[in-house]
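Note: the block below is work_18.txt and it holds compact mmCIF, C-alpha atoms.
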# COMPACT_ATOMS: atom_id res chain seq x y z
CA GLU A 1 51.62 25.77 -41.05
CA TYR A 2 48.65 25.88 -43.43
CA PHE A 3 50.08 23.42 -45.98
CA ALA A 4 49.04 20.62 -43.63
CA TYR A 5 45.43 21.47 -44.48
CA ASN A 6 45.88 22.44 -48.13
CA ASN A 7 49.05 22.04 -50.19
CA SER A 8 47.66 24.14 -53.04
CA ILE A 9 48.42 27.56 -51.57
CA TYR A 10 49.64 30.34 -53.84
CA ILE A 11 50.60 33.79 -52.60
CA VAL A 12 50.14 36.85 -54.78
CA PRO A 13 52.35 39.63 -53.36
CA ASN A 14 50.83 43.03 -52.68
CA TYR A 15 52.15 45.89 -54.76
CA LEU A 16 51.21 49.56 -55.06
CA ASP A 17 49.77 51.50 -57.97
CA LYS A 18 52.44 53.98 -59.04
CA ASP A 19 49.85 56.42 -60.36
CA ARG A 20 48.46 56.80 -56.83
CA TRP A 21 51.37 56.07 -54.53
CA ALA A 22 54.24 57.98 -56.17
CA GLN A 23 53.72 60.90 -53.80
CA PRO A 24 56.25 63.57 -52.81
CA THR A 25 57.76 63.38 -49.35
CA ILE A 26 56.31 66.25 -47.32
CA ARG A 27 57.60 67.53 -43.97
CA ARG A 28 56.30 70.42 -41.90
CA LYS A 29 58.72 72.97 -40.51
CA ASP A 30 57.01 73.82 -37.23
CA GLY A 31 59.54 72.17 -34.92
CA LYS A 32 57.28 69.20 -34.09
CA ILE A 33 57.98 65.53 -34.76
CA ARG A 34 54.90 63.68 -35.97
CA ILE A 35 54.61 59.96 -35.30
CA GLY A 36 51.86 58.30 -37.30
CA TRP A 37 49.90 55.08 -37.53
CA ALA A 38 47.39 54.23 -40.27
CA GLY A 39 44.70 51.59 -39.78
CA GLY A 40 41.09 50.96 -38.87
CA ASN A 41 39.44 49.80 -35.66
CA ALA A 42 39.99 46.15 -36.62
CA HIS A 43 43.63 46.80 -35.74
CA SER A 44 43.00 48.56 -32.43
CA ASP A 45 44.46 45.61 -30.48
CA ASP A 46 47.68 45.97 -32.46
CA LEU A 47 47.88 49.68 -31.68
CA LYS A 48 47.01 49.09 -28.04
CA MET A 49 50.22 47.07 -27.68
CA ILE A 50 52.24 50.29 -27.82
CA SER A 51 49.72 52.77 -26.40
CA THR A 52 51.61 53.15 -23.11
CA VAL A 53 54.87 53.71 -24.99
CA LEU A 54 53.34 56.44 -27.14
CA SER A 55 51.64 58.07 -24.15
CA LYS A 56 55.01 58.19 -22.37
CA ILE A 57 56.71 59.64 -25.45
CA VAL A 58 54.22 62.48 -25.96
CA ARG A 59 54.38 63.31 -22.25
CA GLU A 60 58.16 63.30 -22.22
CA PHE A 61 58.43 65.41 -25.38
CA LYS A 62 55.49 67.65 -24.55
CA ASN A 63 54.76 70.24 -27.26
CA LYS A 64 57.50 68.71 -29.41
CA VAL A 65 56.02 65.34 -30.42
CA VAL A 66 52.53 64.62 -31.76
CA PHE A 67 51.09 61.15 -32.30
CA GLU A 68 48.45 60.86 -35.02
CA THR A 69 46.23 58.03 -36.17
CA PHE A 70 44.62 57.85 -39.59
CA GLY A 71 41.54 55.66 -39.92
CA MET A 72 40.03 55.61 -36.41
CA THR A 73 37.36 57.82 -34.89
CA HIS A 74 37.99 59.77 -31.70
CA HIS A 75 35.72 57.38 -29.80
CA GLU A 76 37.69 54.37 -31.07
CA LEU A 77 40.97 56.05 -30.22
CA GLY A 78 39.72 56.63 -26.68
CA GLY A 79 39.33 52.86 -26.36
CA VAL A 80 43.04 52.43 -27.06
CA PHE A 81 44.67 55.37 -25.24
CA ASP A 82 44.22 56.89 -21.83
CA LEU A 83 43.30 60.40 -22.92
CA GLU A 84 42.66 61.71 -19.43
CA TYR A 85 46.02 63.43 -19.26
CA LEU A 86 44.81 65.77 -21.99
CA GLY A 87 42.46 67.18 -19.39
CA GLY A 88 39.32 66.36 -21.30
CA GLN A 89 40.47 68.67 -24.08
CA GLN A 90 38.03 68.91 -26.98
CA ALA A 91 38.93 69.45 -30.61
CA CYS A 92 39.44 73.06 -31.62
CA PRO A 93 36.23 74.14 -33.40
CA SER A 94 38.15 75.99 -36.11
CA CYS A 95 41.11 73.70 -36.90
CA GLY A 96 40.16 70.36 -35.31
CA TYR A 97 43.40 70.09 -33.31
CA GLU A 98 43.01 67.76 -30.33
CA GLY A 99 46.34 67.98 -28.54
CA GLU A 100 49.34 65.70 -28.61
CA ILE A 101 47.31 62.63 -29.61
CA HIS A 102 45.24 63.37 -32.67
CA HIS A 103 43.01 61.32 -34.95
CA TYR A 104 41.94 61.58 -38.55
CA PRO A 105 38.99 59.53 -39.85
CA GLY A 106 39.39 57.14 -42.76
CA GLU A 107 39.20 58.19 -46.39
CA SER A 108 38.27 56.49 -49.65
CA MET A 109 40.91 54.19 -51.13
CA ASN A 110 41.21 56.50 -54.13
CA ASP A 111 42.17 59.44 -51.91
CA TYR A 112 44.06 57.48 -49.26
CA PRO A 113 47.62 57.78 -50.68
CA MET A 114 47.40 61.52 -51.31
CA ILE A 115 45.88 62.26 -47.90
CA LEU A 116 48.35 59.98 -46.13
CA ALA A 117 51.19 61.91 -47.77
CA SER A 118 49.64 65.20 -46.67
CA LYS A 119 49.89 64.18 -42.99
CA SER A 120 53.61 65.04 -43.14
CA TRP A 121 54.61 62.37 -40.64
CA ASP A 122 58.25 62.04 -39.61
CA ILE A 123 58.05 58.49 -38.19
CA ALA A 124 55.59 55.65 -38.81
CA VAL A 125 54.77 52.76 -36.49
CA ALA A 126 53.39 49.34 -37.44
CA PRO A 127 52.71 47.20 -34.36
CA VAL A 128 51.21 43.77 -35.06
CA ILE A 129 50.37 41.01 -32.59
CA ASP A 130 52.78 38.11 -33.09
CA ASN A 131 50.49 35.16 -33.76
CA SER A 132 49.56 32.98 -36.74
CA PHE A 133 47.18 35.60 -38.10
CA GLY A 134 49.71 38.41 -37.74
CA ASN A 135 52.45 36.38 -39.39
CA SER A 136 50.12 35.57 -42.29
CA LYS A 137 49.66 39.24 -43.21
CA SER A 138 51.39 40.84 -46.16
CA ASP A 139 54.04 43.55 -46.06
CA ILE A 140 51.65 46.12 -47.57
CA LYS A 141 51.94 48.49 -44.59
CA ILE A 142 55.71 48.60 -44.95
CA LYS A 143 55.32 49.29 -48.67
CA GLU A 144 52.78 52.06 -48.05
CA TYR A 145 54.91 53.78 -45.43
CA SER A 146 58.01 53.39 -47.62
CA ALA A 147 56.26 55.01 -50.57
CA MET A 148 55.60 57.98 -48.27
CA GLY A 149 59.33 58.14 -47.47
CA LEU A 150 58.85 57.32 -43.79
CA PRO A 151 61.22 55.82 -41.23
CA ILE A 152 59.42 52.78 -39.79
CA ILE A 153 59.33 51.05 -36.43
CA ALA A 154 57.43 47.75 -36.52
CA SER A 155 56.81 44.37 -34.95
CA PRO A 156 59.16 41.68 -36.35
CA ILE A 157 56.44 39.54 -37.93
CA ALA A 158 57.45 37.31 -40.84
CA PRO A 159 56.28 39.52 -43.74
CA TYR A 160 57.96 42.59 -42.27
CA ARG A 161 61.22 40.70 -41.80
CA ALA A 162 60.95 39.59 -45.43
CA ALA A 163 60.53 43.24 -46.47
CA VAL A 164 63.80 44.08 -44.71
CA ASP A 165 65.50 41.17 -46.45
CA ALA A 166 64.23 42.64 -49.73
CA GLY A 167 65.70 46.06 -48.98
CA ALA A 168 63.36 48.04 -46.71
CA SER A 169 64.64 49.89 -43.64
CA VAL A 170 62.65 48.93 -40.53
CA TYR A 171 63.53 49.24 -36.85
CA PHE A 172 62.07 46.18 -35.11
CA ALA A 173 60.68 46.21 -31.58
CA THR A 174 58.89 43.73 -29.33
CA SER A 175 59.19 45.01 -25.76
CA PHE A 176 58.19 48.32 -24.19
CA GLU A 177 61.89 49.22 -23.93
CA GLU A 178 62.61 48.44 -27.59
CA TRP A 179 59.65 50.48 -28.83
CA TYR A 180 60.50 53.36 -26.52
CA ASN A 181 64.21 53.36 -27.39
CA ASN A 182 63.66 53.13 -31.15
CA ILE A 183 61.06 55.88 -31.18
CA LYS A 184 63.26 58.09 -29.02
CA LEU A 185 66.27 57.39 -31.25
CA LEU A 186 64.41 58.53 -34.37
CA ILE A 187 62.96 61.57 -32.63
CA LYS A 188 66.40 62.76 -31.58
CA ASN A 189 68.46 61.66 -34.57
CA SER A 190 67.51 63.42 -37.80
CA TYR A 191 70.36 61.67 -39.63
CA LYS A 192 68.84 58.26 -38.86
CA ARG A 193 65.47 59.50 -40.08
CA ASP A 194 66.93 60.89 -43.30
CA GLU A 195 68.85 57.66 -43.90
CA ALA A 196 65.67 55.58 -43.56
CA VAL A 197 63.74 57.98 -45.79
CA LYS A 198 66.22 57.51 -48.64
CA ILE A 199 66.39 53.73 -48.27
CA ASN A 200 62.63 53.31 -48.16
CA LYS A 201 61.93 55.72 -51.01
CA ASP A 202 64.42 53.84 -53.17
CA TRP A 203 62.95 50.47 -52.16
CA SER A 204 59.41 51.64 -52.92
CA GLU A 205 60.45 52.20 -56.54
CA LYS A 206 60.76 48.42 -56.83
CA ASN A 207 57.21 47.77 -55.65
CA TRP A 208 54.94 49.30 -58.29
CA ILE A 209 52.35 46.83 -59.53
CA GLN A 210 52.93 48.08 -63.07
CA ASP A 211 56.38 46.44 -62.94
CA HIS A 212 55.13 43.08 -61.62
CA THR A 213 52.24 42.18 -63.93
CA GLN A 214 54.10 39.25 -65.49
CA GLU A 215 54.95 37.85 -62.05
CA ILE A 216 51.30 38.06 -60.97
CA PHE A 217 50.14 36.52 -64.25
CA GLU A 218 52.50 33.56 -63.75
CA ILE A 219 51.10 32.87 -60.28
CA TYR A 220 47.50 32.86 -61.53
CA TYR A 221 48.56 30.76 -64.50
CA GLN A 222 49.98 28.11 -62.15
CA VAL A 223 46.71 28.14 -60.19
CA PHE A 224 44.68 27.60 -63.37
CA LEU A 225 46.98 24.80 -64.50
CA LYS A 226 46.65 22.98 -61.19
CA ALA A 227 42.88 23.44 -61.12
CA ASP A 228 42.67 22.18 -64.70
CA SER A 229 44.70 19.11 -63.82
CA LYS A 230 42.14 18.31 -61.15
CA LYS A 231 39.26 18.89 -63.58
CA ASN A 232 38.04 21.84 -61.57
CA ILE A 233 37.81 24.26 -64.50
CA ILE A 234 34.52 24.32 -66.39
CA ARG A 235 35.26 24.79 -70.09
CA VAL A 236 32.80 26.76 -72.23
Structure encoded using structure tokens:
Amino acid sequence: EYFAYNNSIYIVPNYLDKDRWAQPTIRRKDGKIRIGWAGGNAHSDDLKMISTVLSKIVREFKNKVVFETFGMTHHELGGVFDLEYLGGQQACPSCGYEGEIHHYPGESMNDYPMILASKSWDIAVAPVIDNSFGNSKSDIKIKEYSAMGLPIIASPIAPYRAAVDAGASVYFATSFEEWYNNIKLLIKNSYKRDEAVKINKDWSEKNWIQDHTQEIFEIYYQVFLKADSKKNIIRV
């Protein structure tokens, strides 16, 4: 689509730093299933796409399923979800617990992988609006969730489909019914969750940036060669 405007487009794939993202898979043993989403308020429209699905799920599995966001404030979360059914519940002053829909504010990029791992999620969701912008994103969210050993339900945008072709395990959903059914399937079926955990953990081992430095170098080298051929490099 964009080559019509510029045929000199080079894509450098996103990879993860093994020193930060090789985190252990952590699960809590309190009988609750935690569904998680990580992102900032710039992605609130993406999350809003499945807000009614998630609200239905936490109502249906009351006291058994918790939905958590990582990166949005409580005020921002209130703009995405109808929180009235929580009865105006305020966060617990001692532990910060807010009920079945809970938020965690963002953290520094240095601490992000470790804190994300500590959330102990059982399922991760990655909704993305299906438009040109959404389909131009990278698969970094799938790689991050996979490094955490998480089963993933996501929108079938182009980069996420490419991640599946490369070996990731992702349940795709577009409609309310597909999101609801896939989430419910993973809540009820621990075997399916464990299967996705293993596949995604194994796939994440192929996505450390330390193992792709030559590939990245070659891409930049091609860029420099093309720029040089057009006399766009200033030699000193």
Q: Within 8 Å of region 151-158 of chain A, counting all atoms listed in the file, which residues show up once you throw out same-chain ones fewer than 3 positions away? Write them as a ChimeraX atom specification, please.
A: /A:122-130,134-136,142,145-146,161-162,169-174,179,182-183,193-194,196-197,200
With the cut-off set at 10 Å and counting all atoms listed in the file, tabulate each residue of region 129-200 of chain A with an atom at most that distance from an atom of region 54-63 of chain A, showing the nearest atom pair and its distance in Å to one decimal, ordered by chain and increasing number, as a Markdown table.
| residue | atom | partner | partner_atom | distance |
| --- | --- | --- | --- | --- |
| A:Phe176 | CA | A:Leu54 | CA | 9.9 |
| A:Trp179 | CA | A:Leu54 | CA | 8.8 |
| A:Tyr180 | CA | A:Ile57 | CA | 7.4 |
| A:Asn181 | CA | A:Ile57 | CA | 10.0 |
| A:Ile183 | CA | A:Ile57 | CA | 8.1 |
| A:Lys184 | CA | A:Ile57 | CA | 7.6 |
| A:Ile187 | CA | A:Phe61 | CA | 9.4 |
Q: Have a look at A:Phe81, A:Trp203, A:Asn7, A:Pro113 and name the one nearest to Asp165 (chain A); count all atoms listed in the file.
A: A:Trp203
Give me the box for region 202-221 of chain A as lines of an AutoDock Vina configuration file, namely the centre and edge lengths in Å to one decimal of a box along x, y and z that holds every listed atom plus 4 Å on each side.
center_x = 56.0
center_y = 42.3
center_z = -58.8
size_x = 24.9
size_y = 31.1
size_z = 21.3
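Nearest-residue note for Ile33 (chain A): choosing from A:Ala147, A:Ala163, A:Ala117, A:Leu186, the minimum distance belongs to A:Leu186, counting only C-alpha atoms.
Proximity of A:Ile35, A:Ile140, A:Leu185, A:Met148 to Pro13 (chain A), computed with only C-alpha atoms, is greatest for A:Ile140.
Using only C-alpha atoms, the nearest neighbour of Glu144 (chain A) within the list A:Ser204, A:Ser118, A:Ser51, A:Ser8 is A:Ser204.
Proximity ranking of A:Lys192, A:Lys143, A:Lys226, A:Arg34 relative to Asn207 (chain A) places A:Lys143 first, based on only C-alpha atoms.
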Can region 50-70 of chain A be brought up to N, CA, C and O atoms and written out as a PDB file, in the coordinates of the input?
ATOM      1  N   ILE A  50      51.217  49.263 -28.043  1.00  0.00           N
ATOM      2  CA  ILE A  50      52.240  50.290 -27.820  1.00  0.00           C
ATOM      3  C   ILE A  50      51.632  51.598 -27.309  1.00  0.00           C
ATOM      4  O   ILE A  50      52.285  52.633 -27.330  1.00  0.00           O
ATOM      5  N   SER A  51      50.388  51.547 -26.843  1.00  0.00           N
ATOM      6  CA  SER A  51      49.720  52.770 -26.400  1.00  0.00           C
ATOM      7  C   SER A  51      50.440  53.413 -25.213  1.00  0.00           C
ATOM      8  O   SER A  51      50.572  54.640 -25.138  1.00  0.00           O
ATOM      9  N   THR A  52      50.927  52.574 -24.280  1.00  0.00           N
ATOM     10  CA  THR A  52      51.610  53.150 -23.110  1.00  0.00           C
ATOM     11  C   THR A  52      52.954  53.760 -23.513  1.00  0.00           C
ATOM     12  O   THR A  52      53.376  54.770 -22.936  1.00  0.00           O
ATOM     13  N   VAL A  53      53.607  53.153 -24.494  1.00  0.00           N
ATOM     14  CA  VAL A  53      54.870  53.710 -24.990  1.00  0.00           C
ATOM     15  C   VAL A  53      54.622  55.089 -25.606  1.00  0.00           C
ATOM     16  O   VAL A  53      55.328  56.064 -25.307  1.00  0.00           O
ATOM     17  N   LEU A  54      53.622  55.175 -26.461  1.00  0.00           N
ATOM     18  CA  LEU A  54      53.340  56.440 -27.140  1.00  0.00           C
ATOM     19  C   LEU A  54      52.874  57.512 -26.166  1.00  0.00           C
ATOM     20  O   LEU A  54      53.245  58.682 -26.298  1.00  0.00           O
ATOM     21  N   SER A  55      52.074  57.111 -25.167  1.00  0.00           N
ATOM     22  CA  SER A  55      51.640  58.070 -24.150  1.00  0.00           C
ATOM     23  C   SER A  55      52.854  58.622 -23.394  1.00  0.00           C
ATOM     24  O   SER A  55      52.926  59.822 -23.111  1.00  0.00           O
ATOM     25  N   LYS A  56      53.795  57.750 -23.069  1.00  0.00           N
ATOM     26  CA  LYS A  56      55.010  58.190 -22.370  1.00  0.00           C
ATOM     27  C   LYS A  56      55.820  59.141 -23.252  1.00  0.00           C
ATOM     28  O   LYS A  56      56.327  60.172 -22.780  1.00  0.00           O
ATOM     29  N   ILE A  57      55.925  58.808 -24.526  1.00  0.00           N
ATOM     30  CA  ILE A  57      56.710  59.640 -25.450  1.00  0.00           C
ATOM     31  C   ILE A  57      56.119  61.042 -25.567  1.00  0.00           C
ATOM     32  O   ILE A  57      56.841  62.046 -25.474  1.00  0.00           O
ATOM     33  N   VAL A  58      54.808  61.146 -25.767  1.00  0.00           N
ATOM     34  CA  VAL A  58      54.220  62.480 -25.960  1.00  0.00           C
ATOM     35  C   VAL A  58      54.253  63.289 -24.661  1.00  0.00           C
ATOM     36  O   VAL A  58      54.313  64.521 -24.692  1.00  0.00           O
ATOM     37  N   ARG A  59      54.225  62.597 -23.520  1.00  0.00           N
ATOM     38  CA  ARG A  59      54.380  63.310 -22.250  1.00  0.00           C
ATOM     39  C   ARG A  59      55.807  63.833 -22.090  1.00  0.00           C
ATOM     40  O   ARG A  59      56.041  64.967 -21.690  1.00  0.00           O
ATOM     41  N   GLU A  60      56.749  62.955 -22.402  1.00  0.00           N
ATOM     42  CA  GLU A  60      58.160  63.300 -22.220  1.00  0.00           C
ATOM     43  C   GLU A  60      58.599  64.429 -23.157  1.00  0.00           C
ATOM     44  O   GLU A  60      59.400  65.285 -22.779  1.00  0.00           O
ATOM     45  N   PHE A  61      58.073  64.394 -24.389  1.00  0.00           N
ATOM     46  CA  PHE A  61      58.430  65.410 -25.380  1.00  0.00           C
ATOM     47  C   PHE A  61      57.258  66.377 -25.582  1.00  0.00           C
ATOM     48  O   PHE A  61      56.903  66.709 -26.710  1.00  0.00           O
ATOM     49  N   LYS A  62      56.687  66.823 -24.492  1.00  0.00           N
ATOM     50  CA  LYS A  62      55.490  67.650 -24.550  1.00  0.00           C
ATOM     51  C   LYS A  62      55.717  68.876 -25.433  1.00  0.00           C
ATOM     52  O   LYS A  62      56.727  69.572 -25.324  1.00  0.00           O
ATOM     53  N   ASN A  63      54.743  69.125 -26.310  1.00  0.00           N
ATOM     54  CA  ASN A  63      54.760  70.240 -27.260  1.00  0.00           C
ATOM     55  C   ASN A  63      55.805  70.082 -28.359  1.00  0.00           C
ATOM     56  O   ASN A  63      55.966  70.982 -29.193  1.00  0.00           O
ATOM     57  N   LYS A  64      56.504  68.949 -28.369  1.00  0.00           N
ATOM     58  CA  LYS A  64      57.500  68.710 -29.410  1.00  0.00           C
ATOM     59  C   LYS A  64      57.162  67.493 -30.271  1.00  0.00           C
ATOM     60  O   LYS A  64      57.623  67.389 -31.405  1.00  0.00           O
ATOM     61  N   VAL A  65      56.378  66.565 -29.703  1.00  0.00           N
ATOM     62  CA  VAL A  65      56.020  65.340 -30.420  1.00  0.00           C
ATOM     63  C   VAL A  65      54.504  65.190 -30.431  1.00  0.00           C
ATOM     64  O   VAL A  65      53.840  65.376 -29.405  1.00  0.00           O
ATOM     65  N   VAL A  66      53.964  64.872 -31.593  1.00  0.00           N
ATOM     66  CA  VAL A  66      52.530  64.620 -31.760  1.00  0.00           C
ATOM     67  C   VAL A  66      52.362  63.211 -32.300  1.00  0.00           C
ATOM     68  O   VAL A  66      53.094  62.803 -33.211  1.00  0.00           O
ATOM     69  N   PHE A  67      51.422  62.456 -31.737  1.00  0.00           N
ATOM     70  CA  PHE A  67      51.090  61.150 -32.300  1.00  0.00           C
ATOM     71  C   PHE A  67      49.733  61.249 -32.989  1.00  0.00           C
ATOM     72  O   PHE A  67      48.765  61.756 -32.418  1.00  0.00           O
ATOM     73  N   GLU A  68      49.674  60.766 -34.232  1.00  0.00           N
ATOM     74  CA  GLU A  68      48.450  60.860 -35.020  1.00  0.00           C
ATOM     75  C   GLU A  68      48.050  59.493 -35.553  1.00  0.00           C
ATOM     76  O   GLU A  68      48.904  58.706 -35.973  1.00  0.00           O
ATOM     77  N   THR A  69      46.752  59.232 -35.527  1.00  0.00           N
ATOM     78  CA  THR A  69      46.230  58.030 -36.170  1.00  0.00           C
ATOM     79  C   THR A  69      45.392  58.447 -37.377  1.00  0.00           C
ATOM     80  O   THR A  69      44.789  59.515 -37.386  1.00  0.00           O
ATOM     81  N   PHE A  70      45.375  57.594 -38.368  1.00  0.00           N
ATOM     82  CA  PHE A  70      44.620  57.850 -39.590  1.00  0.00           C
ATOM     83  C   PHE A  70      43.759  56.625 -39.857  1.00  0.00           C
ATOM     84  O   PHE A  70      44.263  55.566 -40.196  1.00  0.00           O
TER      85      PHE A  70
END
